[in-house]
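Visitor: structure38.csv (CSV, C-alpha atoms) pasted underneath:
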```
chain,number,residue,atom,x,y,z
Q,1,MET,CA,14.6,4.8,1.8
Q,2,THR,CA,11.7,7.2,1.8
Q,3,ALA,CA,12.0,10.5,0.2
Q,4,VAL,CA,10.0,13.7,0.8
Q,5,VAL,CA,8.3,14.2,-2.5
Q,6,PRO,CA,7.5,17.9,-3.3
Q,7,ALA,CA,3.9,18.7,-4.1
Q,8,ARG,CA,4.6,19.5,-7.7
Q,9,SER,CA,7.6,17.4,-8.6
Q,10,ASP,CA,8.2,16.5,-12.2
Q,11,ALA,CA,7.2,12.9,-11.4
Q,12,VAL,CA,3.9,14.1,-9.8
Q,13,ARG,CA,3.1,16.1,-12.9
Q,14,ARG,CA,3.9,13.2,-15.3
Q,15,ALA,CA,2.0,10.7,-13.2
Q,16,GLN,CA,-1.0,13.1,-13.2
Q,17,ALA,CA,-0.8,13.0,-17.0
Q,18,GLY,CA,-1.1,9.2,-16.9
Q,19,ASP,CA,2.5,8.2,-17.0
Q,20,LEU,CA,2.7,4.9,-15.0
Q,21,GLU,CA,6.5,5.0,-15.1
Q,22,ALA,CA,6.5,8.3,-13.2
Q,23,PHE,CA,4.0,6.8,-10.7
Q,24,GLU,CA,6.5,4.0,-10.1
Q,25,GLU,CA,9.1,6.6,-9.4
Q,26,LEU,CA,6.8,8.1,-6.8
Q,27,TYR,CA,6.2,4.6,-5.4
Q,28,ARG,CA,9.9,3.8,-5.0
Q,29,GLY,CA,10.4,7.0,-3.1
Q,30,THR,CA,7.5,6.6,-0.7
Q,31,VAL,CA,6.7,2.9,-0.2
Q,32,GLY,CA,8.7,2.5,3.0
Q,33,ARG,CA,6.7,5.1,4.9
Q,34,VAL,CA,3.4,3.9,3.6
Q,35,HIS,CA,4.2,0.3,4.4
Q,36,GLY,CA,5.5,1.2,7.8
Q,37,LEU,CA,2.2,2.9,8.6
Q,38,CYS,CA,0.2,-0.1,7.3
Q,39,LEU,CA,2.3,-2.6,9.2
Q,40,ARG,CA,2.2,-0.8,12.5
Q,41,MET,CA,-1.5,-0.3,12.3
Q,42,CYS,CA,-2.6,-3.8,11.2
Q,43,ARG,CA,0.4,-5.8,12.6
Q,44,ASP,CA,-0.1,-8.5,9.9
Q,45,PRO,CA,2.8,-8.5,7.4
Q,46,GLN,CA,0.7,-10.0,4.5
Q,47,LEU,CA,-2.2,-7.7,5.2
Q,48,ALA,CA,0.1,-4.7,5.4
Q,49,GLU,CA,1.5,-5.4,2.0
Q,50,GLU,CA,-2.0,-5.7,0.6
Q,51,LEU,CA,-3.1,-2.5,2.2
Q,52,THR,CA,0.0,-0.8,0.9
Q,53,GLN,CA,-0.8,-1.9,-2.6
Q,54,GLU,CA,-4.4,-0.8,-2.3
Q,55,SER,CA,-3.1,2.6,-1.0
Q,56,TYR,CA,-1.2,3.2,-4.2
Q,57,ILE,CA,-4.0,2.0,-6.4
Q,58,ARG,CA,-6.3,4.4,-4.6
Q,59,ALA,CA,-3.7,7.2,-5.0
Q,60,TRP,CA,-3.5,6.6,-8.7
Q,61,GLN,CA,-7.2,6.8,-9.1
Q,62,LYS,CA,-7.3,10.0,-7.1
Q,63,LEU,CA,-4.2,11.6,-8.6
Q,64,ALA,CA,-6.2,14.1,-10.7
Q,65,SER,CA,-7.7,15.5,-7.5
Q,66,PHE,CA,-4.3,16.2,-6.0
Q,67,ARG,CA,-3.9,20.0,-6.1
Q,68,GLY,CA,-0.5,20.3,-4.5
Q,69,ASP,CA,-1.8,22.0,-1.3
Q,70,SER,CA,0.4,19.7,0.7
Q,71,LEU,CA,3.5,17.5,0.0
Q,72,PHE,CA,2.7,14.6,-2.2
Q,73,SER,CA,4.0,12.2,0.4
Q,74,THR,CA,1.6,13.8,3.0
Q,75,TRP,CA,-1.3,13.4,0.7
Q,76,LEU,CA,-0.4,9.8,0.0
Q,77,HIS,CA,0.0,9.1,3.7
Q,78,ARG,CA,-3.5,10.3,4.4
Q,79,ILE,CA,-4.9,8.0,1.7
Q,80,ALA,CA,-3.0,5.1,3.3
Q,81,VAL,CA,-4.6,6.0,6.7
Q,82,ASN,CA,-8.0,6.0,5.1
Q,83,VAL,CA,-7.4,2.6,3.4
Q,84,VAL,CA,-6.3,1.0,6.7
Q,85,LEU,CA,-9.1,2.5,8.7
Q,86,GLY,CA,-11.5,1.5,6.0
Q,87,HIS,CA,-10.3,-2.1,6.4
Q,88,PHE,CA,-10.9,-2.0,10.2
Q,89,ARG,CA,-14.2,-0.2,9.8
Q,90,GLY,CA,-16.0,-3.2,8.5
Q,91,SER,CA,-14.7,-5.8,10.9
Q,92,LEU,CA,-13.7,-4.0,14.1
Q,93,ARG,CA,-16.3,-1.4,14.7
Q,94,ARG,CA,-14.0,1.5,14.2
Q,95,LEU,CA,-12.0,2.5,17.3
Q,96,GLU,CA,-14.7,1.5,19.8
Q,97,PRO,CA,-13.4,-1.1,22.3
Q,98,ALA,CA,-14.7,-4.6,21.5
Q,99,ALA,CA,-15.6,-7.4,23.9
Q,100,GLY,CA,-12.4,-9.0,25.1
Q,101,ASP,CA,-10.4,-6.1,23.7
Q,102,ASP,CA,-8.8,-5.3,27.1
Q,103,ALA,CA,-5.6,-5.2,29.1
Q,104,GLU,CA,-5.6,-8.9,29.6
Q,105,ALA,CA,-5.6,-9.5,25.9
Q,106,PHE,CA,-2.7,-7.1,25.6
Q,107,GLU,CA,-0.7,-8.9,28.2
Q,108,ALA,CA,-1.2,-12.2,26.5
Q,109,ALA,CA,0.0,-10.9,23.2
Q,110,ALA,CA,3.0,-8.9,24.6
Q,111,PRO,CA,6.4,-10.5,24.6
Q,112,ALA,CA,7.5,-12.4,27.7
Q,113,THR,CA,10.6,-10.2,28.3
Q,114,SER,CA,10.4,-7.2,30.5
Q,115,GLY,CA,12.0,-3.8,31.2
Q,116,LEU,CA,14.4,-2.3,28.7
Q,117,ALA,CA,14.6,-5.6,26.7
Q,118,LEU,CA,11.0,-5.2,25.7
Q,119,ASP,CA,10.8,-4.2,22.1
Q,120,LEU,CA,8.5,-1.3,21.7
Q,121,GLU,CA,7.5,-2.4,18.2
Q,122,ARG,CA,6.3,-5.7,19.5
Q,123,ALA,CA,4.6,-4.1,22.4
Q,124,ILE,CA,2.7,-1.8,20.0
Q,125,ALA,CA,1.8,-4.9,17.9
Q,126,GLY,CA,0.3,-6.5,21.0
Q,127,LEU,CA,-2.0,-3.6,21.8
Q,128,PRO,CA,-5.8,-3.9,21.3
Q,129,THR,CA,-6.7,-2.6,17.8
Q,130,GLY,CA,-8.3,0.7,18.9
Q,131,ALA,CA,-5.5,1.6,21.2
Q,132,ARG,CA,-2.9,0.6,18.7
Q,133,VAL,CA,-4.4,2.7,15.9
Q,134,ALA,CA,-4.7,5.7,18.2
Q,135,PHE,CA,-1.1,5.4,19.4
Q,136,VAL,CA,0.4,4.8,16.0
Q,137,LEU,CA,-1.5,7.7,14.4
Q,138,HIS,CA,-1.0,10.2,17.3
Q,139,ASP,CA,2.3,9.4,18.8
Q,140,VAL,CA,4.2,7.9,15.9
Q,141,GLU,CA,2.7,9.6,12.9
Q,142,GLY,CA,1.7,12.9,14.4
Q,143,PHE,CA,-2.0,13.1,13.6
Q,144,THR,CA,-4.2,15.2,15.9
Q,145,HIS,CA,-7.2,13.8,17.7
Q,146,ASP,CA,-9.5,15.8,15.5
Q,147,GLU,CA,-7.9,14.2,12.4
Q,148,ILE,CA,-8.1,10.7,13.9
Q,149,ALA,CA,-11.7,11.1,15.0
Q,150,GLN,CA,-12.7,12.5,11.6
Q,151,ARG,CA,-11.0,9.7,9.6
Q,152,ALA,CA,-12.1,6.9,11.9
Q,153,GLY,CA,-15.6,8.2,12.3
Q,154,VAL,CA,-15.5,8.4,16.1
Q,155,ALA,CA,-15.7,11.1,18.7
Q,156,VAL,CA,-12.6,13.0,19.7
Q,157,GLY,CA,-13.1,11.7,23.2
Q,158,THR,CA,-12.9,8.1,21.9
Q,159,SER,CA,-9.6,8.8,20.2
Q,160,LYS,CA,-8.3,10.4,23.4
Q,161,ALA,CA,-9.5,7.6,25.6
Q,162,GLN,CA,-7.9,5.0,23.3
Q,163,LEU,CA,-4.6,6.9,23.2
Q,164,SER,CA,-4.6,7.2,27.0
Q,165,ARG,CA,-5.3,3.5,27.3
Q,166,ALA,CA,-2.5,2.6,24.8
Q,167,ARG,CA,0.1,4.8,26.7
Q,168,ARG,CA,-0.9,3.2,30.0
Q,169,LEU,CA,-0.6,-0.3,28.6
Q,170,LEU,CA,2.7,0.4,27.0
Q,171,ARG,CA,4.1,2.1,30.1
Q,172,LYS,CA,3.2,-1.0,32.0
Q,173,ALA,CA,4.8,-3.2,29.4
Q,174,LEU,CA,8.0,-1.1,29.4
Q,175,SER,CA,8.4,-0.7,33.1
Q,176,PRO,CA,11.3,-2.6,34.7
W,1,MET,CA,-5.0,18.7,43.3
W,2,ARG,CA,-5.1,15.0,44.2
W,3,CYS,CA,-2.9,12.4,42.6
W,4,ASP,CA,-5.8,10.7,40.8
W,5,GLU,CA,-6.8,14.1,39.3
W,6,VAL,CA,-3.3,14.8,38.2
W,7,LEU,CA,-2.7,11.3,36.7
W,8,ALA,CA,-6.0,11.7,34.7
W,9,LEU,CA,-4.6,14.9,33.2
W,10,LEU,CA,-1.0,13.7,32.4
W,11,ASP,CA,-1.8,12.8,28.8
W,12,ASP,CA,-3.2,16.2,28.0
W,13,HIS,CA,-0.4,17.8,30.0
W,14,VAL,CA,2.4,16.2,27.9
W,15,ASP,CA,0.4,16.9,24.7
W,16,GLY,CA,0.2,20.6,25.7
W,17,THR,CA,-3.6,20.8,25.5
W,18,LEU,CA,-4.3,21.8,29.1
W,19,ALA,CA,-5.4,25.4,29.9
W,20,ALA,CA,-2.6,27.4,31.3
W,21,ASP,CA,-4.0,27.6,34.8
W,22,VAL,CA,-4.7,23.9,35.0
W,23,ALA,CA,-1.2,23.1,33.7
W,24,ALA,CA,0.3,25.3,36.4
W,25,ARG,CA,-1.7,23.4,39.1
W,26,VAL,CA,-0.5,20.1,37.7
W,27,ASP,CA,3.1,21.3,37.6
W,28,HIS,CA,2.7,22.5,41.2
W,29,HIS,CA,1.5,19.0,42.3
W,30,LEU,CA,4.3,17.2,40.3
W,31,ALA,CA,7.0,19.3,42.0
W,32,GLY,CA,6.0,17.9,45.3
W,33,CYS,CA,4.9,14.4,44.5
W,34,PRO,CA,7.6,11.8,43.5
W,35,GLY,CA,5.0,9.2,42.5
W,36,CYS,CA,3.2,11.3,40.0
W,37,ALA,CA,6.6,12.7,38.8
W,38,ARG,CA,7.7,9.1,38.1
W,39,GLU,CA,4.6,8.5,36.0
W,40,LEU,CA,5.3,11.7,34.1
W,41,ALA,CA,8.9,10.6,33.5
W,42,ALA,CA,7.7,7.2,32.3
W,43,LEU,CA,5.2,8.7,29.9
W,44,ARG,CA,7.8,11.1,28.5
W,45,ARG,CA,10.2,8.2,28.0
W,46,LEU,CA,7.6,6.3,26.1
W,47,LEU,CA,6.9,9.2,23.9
W,48,GLY,CA,10.6,9.7,23.3
W,49,LEU,CA,10.9,6.0,22.2
W,50,ALA,CA,7.9,6.4,19.9
W,51,ALA,CA,9.3,9.5,18.3
W,52,GLY,CA,12.5,7.6,17.7
W,53,LEU,CA,10.9,4.7,15.8
W,54,PRO,CA,11.8,4.6,12.2
W,55,ARG,CA,8.9,5.9,10.1
W,56,ALA,CA,9.8,3.8,7.1
W,57,ILE,CA,9.7,0.0,7.0
W,58,GLU,CA,10.5,-1.4,3.6
W,59,PRO,CA,8.2,-4.3,2.6
W,60,SER,CA,9.8,-7.7,2.4
W,61,ARG,CA,9.2,-7.9,-1.4
W,62,ASP,CA,8.7,-5.6,-4.3
W,63,LEU,CA,5.0,-4.6,-4.3
W,64,TRP,CA,5.2,-2.6,-7.5
W,65,PRO,CA,4.4,-5.5,-10.0
W,66,GLY,CA,1.2,-6.1,-8.1
W,67,ILE,CA,0.2,-2.5,-8.2
W,68,GLU,CA,1.1,-2.1,-11.9
W,69,GLY,CA,-0.8,-5.3,-12.7
W,70,SER,CA,-3.9,-4.2,-10.9
W,71,LEU,CA,-3.8,-0.8,-12.6
W,72,ALA,CA,-3.4,-2.4,-16.0
W,73,ALA,CA,-6.1,-4.9,-15.4
W,74,ARG,CA,-8.5,-2.2,-14.1
W,75,GLN,CA,-7.9,0.6,-16.6
W,76,GLY,CA,-5.8,-0.7,-19.5
W,77,VAL,CA,-3.0,1.6,-18.4
W,78,VAL,CA,0.1,1.5,-20.5
W,79,ARG,CA,3.4,3.0,-19.4
W,80,GLY,CA,5.3,5.8,-21.1
W,81,ARG,CA,4.4,8.0,-24.0
W,82,PHE,CA,1.1,6.4,-24.9
W,83,GLY,CA,-0.5,8.0,-21.9
W,84,ARG,CA,-4.2,8.2,-21.3
W,85,ARG,CA,-5.0,8.8,-24.9
W,86,TRP,CA,-4.2,5.2,-25.7
W,87,GLN,CA,-5.9,3.6,-22.7
W,88,ARG,CA,-9.4,3.2,-24.2
W,89,PRO,CA,-8.4,1.8,-27.6
W,90,LEU,CA,-6.0,-0.6,-25.9
W,91,ALA,CA,-8.6,-1.8,-23.5
W,92,ALA,CA,-11.0,-2.3,-26.4
W,93,ALA,CA,-8.5,-4.2,-28.3
W,94,ALA,CA,-7.8,-6.4,-25.3
W,95,ALA,CA,-11.5,-7.0,-24.9
W,96,ALA,CA,-11.5,-8.1,-28.6
W,97,VAL,CA,-8.7,-10.5,-27.9
W,98,VAL,CA,-10.7,-12.0,-25.0
W,99,ALA,CA,-13.8,-12.2,-27.2
W,100,ALA,CA,-12.0,-14.0,-29.9
W,101,GLY,CA,-10.7,-16.5,-27.5
W,102,VAL,CA,-7.1,-16.0,-28.7
W,103,LEU,CA,-5.7,-15.8,-25.1
W,104,LEU,CA,-8.5,-17.3,-23.2
W,105,VAL,CA,-6.4,-20.2,-22.1
W,106,ALA,CA,-3.5,-17.9,-21.3
W,107,TYR,CA,-5.5,-16.6,-18.2
W,108,SER,CA,-5.3,-20.0,-16.7
W,109,LEU,CA,-1.9,-20.6,-15.2
W,110,GLY,CA,-1.0,-23.9,-13.6
W,111,ARG,CA,1.4,-24.0,-10.7
W,112,GLN,CA,2.6,-27.1,-8.9
W,113,HIS,CA,2.2,-27.0,-5.1
W,114,GLY,CA,3.2,-30.2,-3.2
W,115,SER,CA,1.1,-33.1,-4.4
W,116,ALA,CA,-1.7,-30.8,-5.5
W,117,ARG,CA,-1.8,-28.7,-8.7
W,118,VAL,CA,-3.6,-25.4,-9.0
W,119,VAL,CA,-5.2,-23.5,-11.9
W,120,LEU,CA,-5.9,-19.9,-11.6
W,121,ALA,CA,-8.9,-18.7,-13.6
W,122,PRO,CA,-9.2,-15.1,-14.8
W,123,SER,CA,-10.7,-13.6,-11.7
W,124,ALA,CA,-11.5,-16.7,-9.6
W,125,SER,CA,-10.0,-18.3,-6.6
W,126,PRO,CA,-7.4,-21.1,-7.1
W,127,LEU,CA,-9.1,-24.3,-8.0
W,128,ALA,CA,-7.5,-27.7,-7.4
W,129,VAL,CA,-7.3,-29.9,-10.4
W,130,PRO,CA,-6.0,-33.4,-11.0
W,131,ALA,CA,-2.2,-33.7,-11.3
W,132,GLY,CA,-1.0,-33.3,-14.8
W,133,LEU,CA,-3.8,-31.2,-16.1
W,134,ALA,CA,-2.5,-27.8,-14.8
W,135,ASP,CA,0.9,-28.1,-16.4
W,136,THR,CA,-0.7,-29.1,-19.7
W,137,THR,CA,-3.0,-26.1,-19.6
W,138,PHE,CA,-0.2,-23.8,-18.6
W,139,ALA,CA,2.1,-25.0,-21.4
W,140,ALA,CA,-0.8,-24.7,-23.9
W,141,ALA,CA,-1.6,-21.2,-22.7
W,142,GLU,CA,2.0,-20.0,-23.1
W,143,ALA,CA,2.3,-21.7,-26.5
W,144,GLU,CA,-0.9,-19.9,-27.7
W,145,PHE,CA,0.4,-16.6,-26.4
W,146,SER,CA,3.8,-17.1,-28.0
W,147,GLN,CA,2.2,-18.1,-31.3
W,148,ALA,CA,-0.1,-15.1,-31.3
W,149,ARG,CA,2.7,-12.8,-30.3
W,150,ASP,CA,5.2,-14.1,-32.9
W,151,ALA,CA,2.6,-13.8,-35.7
W,152,LEU,CA,1.8,-10.2,-34.7
W,153,LEU,CA,5.5,-9.3,-34.4
W,154,ALA,CA,6.1,-10.7,-37.9
W,155,ALA,CA,3.2,-8.5,-39.1
W,156,LEU,CA,4.7,-5.5,-37.4
W,157,GLU,CA,8.1,-6.1,-39.0
W,158,ALA,CA,6.5,-6.3,-42.4
W,159,ARG,CA,4.8,-3.0,-41.8
W,160,ARG,CA,7.7,-1.1,-40.4
W,161,GLY,CA,8.4,0.6,-43.7
W,162,THR,CA,4.9,2.2,-43.7
W,163,MET,CA,5.2,3.6,-40.2
W,164,SER,CA,6.8,6.8,-39.0
W,165,GLN,CA,9.9,6.8,-36.8
W,166,ASP,CA,7.9,8.4,-34.0
W,167,THR,CA,5.2,5.8,-34.1
W,168,LEU,CA,7.8,3.0,-34.2
W,169,ARG,CA,9.6,4.4,-31.3
W,170,VAL,CA,6.5,4.6,-29.2
W,171,VAL,CA,5.5,1.0,-30.1
W,172,ASP,CA,9.0,-0.3,-29.4
W,173,ASP,CA,9.3,1.6,-26.1
W,174,ASN,CA,6.0,0.1,-24.9
W,175,LEU,CA,6.8,-3.4,-26.1
W,176,ARG,CA,10.0,-3.2,-24.1
W,177,LEU,CA,8.2,-1.9,-21.0
W,178,ILE,CA,5.6,-4.7,-21.2
W,179,ASP,CA,8.4,-7.3,-21.6
W,180,GLN,CA,10.0,-5.9,-18.5
W,181,ALA,CA,6.8,-6.1,-16.6
W,182,ILE,CA,6.3,-9.7,-17.7
W,183,GLU,CA,9.8,-10.6,-16.6
W,184,ARG,CA,9.3,-8.9,-13.2
W,185,ILE,CA,5.9,-10.6,-12.6
W,186,SER,CA,7.3,-14.0,-13.7
W,187,LEU,CA,10.2,-13.6,-11.3
W,188,ALA,CA,7.7,-12.7,-8.5
W,189,LEU,CA,5.7,-15.8,-9.4
W,190,VAL,CA,8.7,-18.0,-9.0
W,191,GLU,CA,9.0,-16.6,-5.4
W,192,ASP,CA,5.2,-16.8,-4.8
W,193,PRO,CA,3.8,-19.4,-7.3
W,194,LEU,CA,0.4,-19.6,-5.6
W,195,ASN,CA,-0.4,-15.9,-5.6
W,196,PRO,CA,-3.6,-15.4,-7.7
W,197,ARG,CA,-3.0,-11.7,-8.1
W,198,LEU,CA,0.4,-12.3,-9.7
W,199,ALA,CA,-1.1,-14.9,-12.0
W,200,ASN,CA,-3.8,-12.4,-13.1
W,201,GLN,CA,-1.2,-9.7,-13.5
W,202,LEU,CA,0.8,-11.9,-15.8
W,203,ALA,CA,-2.3,-12.7,-17.8
W,204,ALA,CA,-3.1,-9.0,-18.0
W,205,ALA,CA,0.4,-8.2,-19.2
W,206,TYR,CA,0.2,-10.8,-21.9
W,207,ARG,CA,-3.2,-9.3,-22.9
W,208,ARG,CA,-1.7,-5.9,-23.0
W,209,GLN,CA,1.1,-7.0,-25.3
W,210,ILE,CA,-1.2,-8.7,-27.7
W,211,ALA,CA,-3.5,-5.7,-27.7
W,212,LEU,CA,-0.6,-3.3,-28.4
W,213,LEU,CA,0.6,-5.4,-31.3
W,214,GLN,CA,-2.9,-5.6,-32.7
W,215,ARG,CA,-3.3,-1.9,-32.5
W,216,ALA,CA,0.1,-1.2,-34.0
W,217,THR,CA,-0.3,-3.6,-36.9
W,218,GLY,CA,-3.7,-2.0,-37.6
W,219,LEU,CA,-2.5,1.6,-37.8
W,220,PRO,CA,-2.9,3.3,-41.2
W,221,ALA,CA,0.2,3.8,-43.3
W,222,GLU,CA,2.2,6.9,-42.4
W,223,ALA,CA,5.3,6.7,-44.6
```
How does the structure come out when it is put into structure tokens?

Guide:
Amino acid sequence: MTAVVPARSDAVRRAQAGDLEAFEELYRGTVGRVHGLCLRMCRDPQLAEELTQESYIRAWQKLASFRGDSLFSTWLHRIAVNVVLGHFRGSLRRLEPAAGDDAEAFEAAAPATSGLALDLERAIAGLPTGARVAFVLHDVEGFTHDEIAQRAGVAVGTSKAQLSRARRLLRKALSP
Amino acid sequence: MRCDEVLALLDDHVDGTLAADVAARVDHHLAGCPGCARELAALRRLLGLAAGLPRAIEPSRDLWPGIEGSLAARQGVVRGRFGRRWQRPLAAAAAAVVAAGVLLVAYSLGRQHGSARVVLAPSASPLAVPAGLADTTFAAAEAEFSQARDALLAALEARRGTMSQDTLRVVDDNLRLIDQAIERISLALVEDPLNPRLANQLAAAYRRQIALLQRATGLPAEA
């Protein structure tokens, strides 16, 4: 269960004062959404758990800089996005398509079933990395192309192209 | 507009980012083109499915012990009323413990895994060791920790009469919290005995408890 944590809740204030018990309270209320984001973006359960943990460690380190201009959960979510993109940045050249990162690779990873039986989650997991990241951030999490481009360090056009590609591949996978 | 031009604009069209006049021309084409209209319907169906996905997916295990252990190991953070004021002295005390070698062995935890046995050094990768050695090391580590802890608890008991109720409450609260952390991490280790992070977290929790007791028993008399 994930709760919307107000910007200046008592737990946020206590955590900012160094109270780890209060930070655990915030963790309990938000971990589902943070983990959901990490899992969808990286599709590896073990890696998703590690990135989730790293997101909270990063959040604790940055707590003093949280001014309450947004919901705490929104602030935390953006940290998690940065952690996941940072993980990809080193190994996958950001959102730029890589060699072999194409529709054929997607089809090989997608489930064998078709039509309505096709699980959208599994289809998303089978997308090439750049397309998957763009789709999850834009169409599931609601980030704009400007935000995605800024955080991933790519051009807005790259984010749009990857999203278009993801939608096209998913439509194909979900078609009867 | 031609079909290929319309299809190239469909994503921007459903996202509402087209200029009004371009959007009107796309709509005009869609009204008379069943093929493009089907593409639009499929795209909207996909976006509807995506919007309906659950945003939260709970992890398969409790990740908090790992987070807490990492924070404690990195910063000497202690829960509750000690707050940041106590972090530096506790970290210094913990460092003193390490220097004295009191808990050096406690950082190495042996865990049996199939026919091989594993020792986890303070910040190193698991190292395979001959069968029998790891369990011996682990048992020795826990025995040394218990011995040090019991001696410090006895010293604390002897000093209770010289400490204020507020100080005693803070010390007892934090001892309880560290005990709970040790219990949680130990349970997690039962589920995942080869996890080096958990082993390091357990060692860090032990270190925190010894450091806390050393600090408490070294406080000047208040009462």

Visitor: Using only C-alpha atoms, can you tell me which of Q:Arg67, Q:Arg33, Q:Arg165, Q:Arg171 comes closest to Arg13 in chain Q?

Guide: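 Looking at the shortest contact to Arg13 in chain Q, the residue is Q:Arg67.
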
Visitor: If you measure from CA of Ala161 in chain Q to CA of Cys38 in chain Q, what distance in Å do you get, rounded to one decimal?

Guide: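 Here the two named atoms are 22.1 Å from each other.
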
Visitor: What is the distance, in Å and to one decimal place, between CA of Ala199 in chain W and CA of Gln16 in chain Q?

Guide: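 Distance between the two atoms: 28.0 Å.
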
Visitor: Kindly give the distance, in Å, that separates CA of Leu152 in chain W and CA of Glu21 in chain Q, rounded to a single decimal.

Guide: 25.2 Å

Visitor: Give the answer as one residue: which of W:Val190, W:Leu53, W:Leu198, W:Ala72 has the shortest atom-to-atom distance to Arg122 in chain Q, using all atoms listed in the file?

Guide: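 Smallest separation from Arg122 in chain Q among the options: W:Leu53.
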
Visitor: With only C-alpha atoms as the atoms that count, which of W:Ala31, W:Ala24, W:Glu58, W:Gly52 lies nearest to Gly36 in chain Q?

Guide: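 Selected residue with least distance to Gly36 in chain Q: W:Glu58.
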
Visitor: With only C-alpha atoms considered, list every residue of chain Q at most 9 Å from chain W, as an MDAnalysis selection string.

Guide: chainID Q and resid 1:2 17:22 24 27:28 30:37 39 45 48:50 52:54 56:57 60 120:121 136 139:141 160 163:164 167:168 170:171 174:175

Visitor: Find the spatial neighbours of Ala152 in chain Q, counting all atoms listed in the file, within a cut-off of 9 Å - ignore same-chain residues fewer than 2 positions away - and output them as a list in words.

Guide: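 Contacts, with the query itself left out: Asn82, Leu85, Gly86, Arg89, Arg94, Leu95, Glu147, Ile148, Ala149, Gln150, Val154, Ala155 and Ser159 of chain Q.
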
Visitor: Could you check the closest approach to Asp4 in chain W for each of W:Ser186, W:Cys33, W:Leu18, W:Gly69 and tell me which residue wins, using only C-alpha atoms?

Guide: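 The closest residue to Asp4 in chain W is W:Cys33.
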
Visitor: Identify which of the residues W:Leu202, W:Gly35, W:Arg197, W:Val14 lies closest to Arg184 in chain W, counting only C-alpha atoms when measuring atom-to-atom distances.

Guide: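 Of all the options, W:Leu202 lies closest to Arg184 in chain W.
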
Visitor: Have a look at W:Ala20, W:Arg176, W:Ala221, W:Ile185 and name the one nearest to Ala204 in chain W; count only C-alpha atoms.

Guide: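 Looking at the shortest contact to Ala204 in chain W, the residue is W:Ile185.
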
Visitor: Can you sort out range 66-70 of chain Q so it carries all heavy atoms, written as a compact mmCIF listing (two decimals), keeping the file's coordinate frame?

Guide:
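rebuild33.txt written:
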```txt
# COMPACT_ATOMS: atom_id res chain seq x y z
N PHE Q 66 -5.35 15.68 -6.78
CA PHE Q 66 -4.30 16.20 -6.00
C PHE Q 66 -3.89 17.59 -6.52
O PHE Q 66 -3.42 17.71 -7.65
CB PHE Q 66 -3.05 15.28 -6.01
CG PHE Q 66 -1.85 15.82 -5.30
CD1 PHE Q 66 -1.89 16.11 -3.94
CD2 PHE Q 66 -0.66 16.06 -5.98
CE1 PHE Q 66 -0.79 16.62 -3.28
CE2 PHE Q 66 0.44 16.57 -5.33
CZ PHE Q 66 0.38 16.86 -3.98
N ARG Q 67 -4.10 18.61 -5.69
CA ARG Q 67 -3.90 20.00 -6.10
C ARG Q 67 -2.56 20.58 -5.70
O ARG Q 67 -2.27 21.73 -5.98
CB ARG Q 67 -5.01 20.89 -5.63
CG ARG Q 67 -6.39 20.44 -6.07
CD ARG Q 67 -6.55 20.59 -7.56
NE ARG Q 67 -7.83 20.09 -8.03
CZ ARG Q 67 -8.05 19.66 -9.27
NH1 ARG Q 67 -7.07 19.65 -10.15
NH2 ARG Q 67 -9.23 19.21 -9.62
N GLY Q 68 -1.79 19.82 -4.93
CA GLY Q 68 -0.50 20.30 -4.50
C GLY Q 68 -0.58 21.26 -3.30
O GLY Q 68 0.33 22.04 -3.04
N ASP Q 69 -1.69 21.17 -2.54
CA ASP Q 69 -1.80 22.00 -1.30
C ASP Q 69 -0.91 21.49 -0.21
O ASP Q 69 -0.66 22.19 0.76
CB ASP Q 69 -3.25 22.02 -0.84
CG ASP Q 69 -4.19 22.59 -1.89
OD1 ASP Q 69 -3.73 23.45 -2.67
OD2 ASP Q 69 -5.36 22.18 -1.95
N SER Q 70 -0.47 20.24 -0.32
CA SER Q 70 0.40 19.70 0.70
C SER Q 70 1.51 18.88 -0.08
O SER Q 70 1.46 18.77 -1.31
CB SER Q 70 -0.33 18.70 1.60
OG SER Q 70 -0.88 17.64 0.83
```
